[in-house]
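Notes follow once the structure below has been shown.
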Amino acid sequence: MAMNWVWVGLLAVGIATAAVRAALGEADIFGALLKALFDGARSGFEISLGLAGIMALWLGLMRVGEAAGMVQWLARLASPLLVRLFPGVPAGHPAQGAMTMNVSANLLGLDNAATPMGLAAMRELQTLNRESEGTASDAQIMFVVMNTAGLTLIPTSVIAMRQSVAVQQGLGAGFNAADIFLPTLLATAISLLSAVLAVAWLQRLPLLRPRALLVLAAIAALLAGVLALLARMPAEQAARITGSVGAAAILAVVLMFVLAGAWRRINVYDAFVEGAKDGFGVAVQIIPYLVAILAAIGVFRAAGCMDAILAVVGRGVAALGLDTGFLPALPVGLMKVLSGSGARALMVDVMQAHGVDSFPARLAAIIQGSTETTFYVLAVYFGSVGVKNTRHALACALLADAVGVLAAIGVGYALLR
């Protein structure tokens, strides 16, 4: 129901705004909205088709891993934490292995691997869903909200974009494109914590018990140790090492699945093909959900509603006497909730307008790296299993987004200003 009102609101507000602008003499506004509507629909279809091959690959590998018992092994490894966050998922269930791989891929900044793994996890969680048809389970909500505020160790794609713009602007070897990795990690960690606590409070999960706190403390200590090690290296070297380790880790999992299947005398090829067949079905099922949300977002953007929101925020900040240095970067955070490509374009625009090494540009990069495209994630993940009633998922995800943007601004001022 929440997504229904969001979708209706985006379209209605966008078209109504365009009508007002047309009445004021902007005759071309309806043409721009129509183009945005069609562009959004085409983008949704193209993204779904592009996802089909990746889904076929990863669902095939997941089938091999399940047959070889490796997914169950990964689930047991992560069960001390997952059993607290997902009490409705039995220990050793394949969903735990898929969720573990999804979280690991997100942590390493491997988006292309994280999405199909996440969709595979949603399919496994759907087998445990005891809610009425089309309604999200508690476990699915926790998992999707965690993905909308996913922890990223190194935002490799953002770093690459900063380096590219820096070359265009003639910055020399002294420019450090990866100087945002620590602020980004801090901001996204705060966002993830807020997401988990919000869902846990609504679902009354016992996260404050000693054993759960011990697991969280161990994970935090491990993360702090890795961060301390990376912080002692040059930032570019840390980014390269993290990206290489991430890619090697995924390839190691693939090899482990295949070799384990061969060791257990499983027909690995047939198992892969059987799993891969499901990938095309998932991609096709996602198309209507993705077309719907991207088309509505396109109309909302083209009508100028995002610019109006930014203007109101700017006046409010100025009236409070606060520093407005962050305002040029704020549209990235507002857009990231709606569209990843749109936010990426706004980030590049800030870099070009203010200089890639300026405070607004660095803050825009932190926001881009520490927030997620919430409506895209909700549409794709829930749409892949036919869930229409997302219950409290949207509210918790938007809360995490807001906390993430505020955390990015606060960390940016603390470390970069």
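In the structure tokens, chains take letters A, B, ... by order of appearance, with residues numbered from 1 within each chain and ligands from 1 in the order shown.
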What are the closest atom pairs, with distances in Å to one decimal, for all residues of segment 349-412 of chain A lying within 6 Å of segment 284-295 of chain A? Consider only C-alpha atoms, order rows by chain and residue number, and present the result as a Markdown table.
| residue | atom | partner | partner_atom | distance |
| --- | --- | --- | --- | --- |
| A:Ala379 | CA | A:Tyr289 | CA | 5.6 |
| A:Val380 | CA | A:Ile286 | CA | 5.9 |
| A:Gly383 | CA | A:Ile286 | CA | 5.5 |
| A:Ser384 | CA | A:Ile286 | CA | 5.4 |
Output C-alpha atoms of each residue in that selection to a file, as a short mmCIF file (atom, residue, chain, number, x, y, z; two decimals), in the first residue's frame.
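The resulting file, part.cif, is reproduced below:
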data_model
loop_
_atom_site.label_atom_id
_atom_site.label_comp_id
_atom_site.auth_asym_id
_atom_site.auth_seq_id
_atom_site.Cartn_x
_atom_site.Cartn_y
_atom_site.Cartn_z
CA ALA A 379 10.77 -2.47 -6.48
CA VAL A 380 13.34 -5.02 -7.62
CA GLY A 383 8.91 -7.44 -7.21
CA SER A 384 11.12 -10.49 -7.78
#
Query - Length of the atom CA of Asn389 of chain A to atom CA of Ala189 of chain A vector [Å] - result: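 Interatomic distance here is 27.8 Å.
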Query raised in the report: Can you list, as a ChimeraX atom specification, every protein, DNA or RNA residue that comes within 12 Å of Ala18 of chain A when you count only C-alpha atoms, leaving out same-chain residues fewer than 2 positions away?
Result: /A:11-16,20-34,299-305
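Distances here use only C-alpha atoms; by that measure, the residue among A:Arg130, A:Lys277, A:Arg265, A:Lys336 closest to Ile297 of chain A is A:Lys336.
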Requested in this report: Find the residue from A:Leu49, A:Ala200, A:Leu182, A:Ala361 that sits nearest to Pro87 of chain A; use only C-alpha atoms when measuring.
Outcome: A:Ala200
Requested in this report: May I have the residues within 9 Å of Ala364 of chain A as a VMD selection string, using only C-alpha atoms and disregarding those fewer than 4 positions away in the same chain?
Outcome: chain A and resid 326 328 to 333 346 to 348 350 to 351 359 to 360 368 to 369 408
Take the residues that were just selected and, keeping N, CA, C and O atoms, output them as an mmCIF file, in the first residue's frame.
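Output file part_25.cif follows:
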data_model
loop_
_atom_site.group_PDB
_atom_site.id
_atom_site.type_symbol
_atom_site.label_atom_id
_atom_site.label_comp_id
_atom_site.auth_asym_id
_atom_site.auth_seq_id
_atom_site.Cartn_x
_atom_site.Cartn_y
_atom_site.Cartn_z
ATOM 1 N N PHE A 326 26.798 22.817 2.437
ATOM 2 C CA PHE A 326 26.419 21.468 2.021
ATOM 3 C C PHE A 326 25.302 21.457 0.983
ATOM 4 O O PHE A 326 25.038 20.414 0.360
ATOM 5 N N PRO A 328 24.787 22.508 -2.146
ATOM 6 C CA PRO A 328 24.976 22.007 -3.514
ATOM 7 C C PRO A 328 25.011 20.482 -3.610
ATOM 8 O O PRO A 328 24.687 19.918 -4.660
ATOM 9 N N ALA A 329 25.412 19.810 -2.510
ATOM 10 C CA ALA A 329 25.493 18.344 -2.523
ATOM 11 C C ALA A 329 24.185 17.686 -2.134
ATOM 12 O O ALA A 329 24.010 16.485 -2.380
ATOM 13 N N LEU A 330 23.265 18.418 -1.534
ATOM 14 C CA LEU A 330 22.040 17.823 -1.014
ATOM 15 C C LEU A 330 21.185 17.157 -2.094
ATOM 16 O O LEU A 330 20.583 16.106 -1.835
ATOM 17 N N PRO A 331 21.074 17.722 -3.327
ATOM 18 C CA PRO A 331 20.262 17.043 -4.345
ATOM 19 C C PRO A 331 20.706 15.611 -4.624
ATOM 20 O O PRO A 331 19.890 14.769 -5.018
ATOM 21 N N VAL A 332 21.991 15.320 -4.423
ATOM 22 C CA VAL A 332 22.473 13.951 -4.639
ATOM 23 C C VAL A 332 21.779 13.002 -3.667
ATOM 24 O O VAL A 332 21.329 11.915 -4.049
ATOM 25 N N GLY A 333 21.672 13.427 -2.387
ATOM 26 C CA GLY A 333 21.015 12.587 -1.398
ATOM 27 C C GLY A 333 19.529 12.428 -1.658
ATOM 28 O O GLY A 333 18.973 11.334 -1.514
ATOM 29 N N LEU A 346 23.954 13.996 -10.936
ATOM 30 C CA LEU A 346 24.009 15.191 -10.093
ATOM 31 C C LEU A 346 25.354 15.318 -9.395
ATOM 32 O O LEU A 346 25.886 16.423 -9.234
ATOM 33 N N MET A 347 25.918 14.199 -8.959
ATOM 34 C CA MET A 347 27.229 14.227 -8.314
ATOM 35 C C MET A 347 28.294 14.756 -9.276
ATOM 36 O O MET A 347 29.113 15.613 -8.911
ATOM 37 N N VAL A 348 28.289 14.250 -10.504
ATOM 38 C CA VAL A 348 29.249 14.721 -11.499
ATOM 39 C C VAL A 348 29.035 16.207 -11.792
ATOM 40 O O VAL A 348 30.001 16.973 -11.959
ATOM 41 N N VAL A 350 27.944 18.479 -9.689
ATOM 42 C CA VAL A 350 28.522 19.229 -8.563
ATOM 43 C C VAL A 350 30.047 19.295 -8.711
ATOM 44 O O VAL A 350 30.658 20.337 -8.467
ATOM 45 N N MET A 351 30.660 18.172 -9.080
ATOM 46 C CA MET A 351 32.110 18.155 -9.256
ATOM 47 C C MET A 351 32.561 19.134 -10.334
ATOM 48 O O MET A 351 33.567 19.826 -10.186
ATOM 49 N N PHE A 359 34.697 21.191 -1.179
ATOM 50 C CA PHE A 359 33.907 20.554 -0.118
ATOM 51 C C PHE A 359 32.563 20.053 -0.634
ATOM 52 O O PHE A 359 32.185 18.906 -0.341
ATOM 53 N N PRO A 360 31.788 20.846 -1.411
ATOM 54 C CA PRO A 360 30.520 20.313 -1.918
ATOM 55 C C PRO A 360 30.696 19.062 -2.769
ATOM 56 O O PRO A 360 29.892 18.127 -2.684
ATOM 57 N N GLN A 368 26.791 9.940 -2.218
ATOM 58 C CA GLN A 368 26.571 8.958 -3.279
ATOM 59 C C GLN A 368 27.051 7.566 -2.854
ATOM 60 O O GLN A 368 26.414 6.556 -3.160
ATOM 61 N N GLY A 369 28.166 7.523 -2.120
ATOM 62 C CA GLY A 369 28.721 6.241 -1.710
ATOM 63 C C GLY A 369 28.100 5.642 -0.483
ATOM 64 O O GLY A 369 28.267 4.438 -0.225
ATOM 65 N N ALA A 408 26.333 11.683 6.574
ATOM 66 C CA ALA A 408 27.323 12.067 5.576
ATOM 67 C C ALA A 408 27.679 13.543 5.711
ATOM 68 O O ALA A 408 28.864 13.915 5.634
#
**Report entry** Residue with smallest distance to Ala353 of chain A - pool A:Met233, A:Met146, A:Met122, A:Val165, counting only C-alpha atoms
**Finding:** A:Val165
Query raised in the report: Within 12 Å of Gln169 of chain A, counting only C-alpha atoms, which residues qualify if same-chain residues fewer than 4 places away don't, as a ChimeraX atom specification?
Result: /A:162-165,175,351-357
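For the set A:Gly298, A:Val403, A:Leu255, A:Val317, the residue with the smallest atom-to-atom gap to Ala68 of chain A is A:Leu255, counting only C-alpha atoms.
As for atom CA of Ile367 of chain A and atom CA of Thr184 of chain A, they are spaced 7.4 Å apart.
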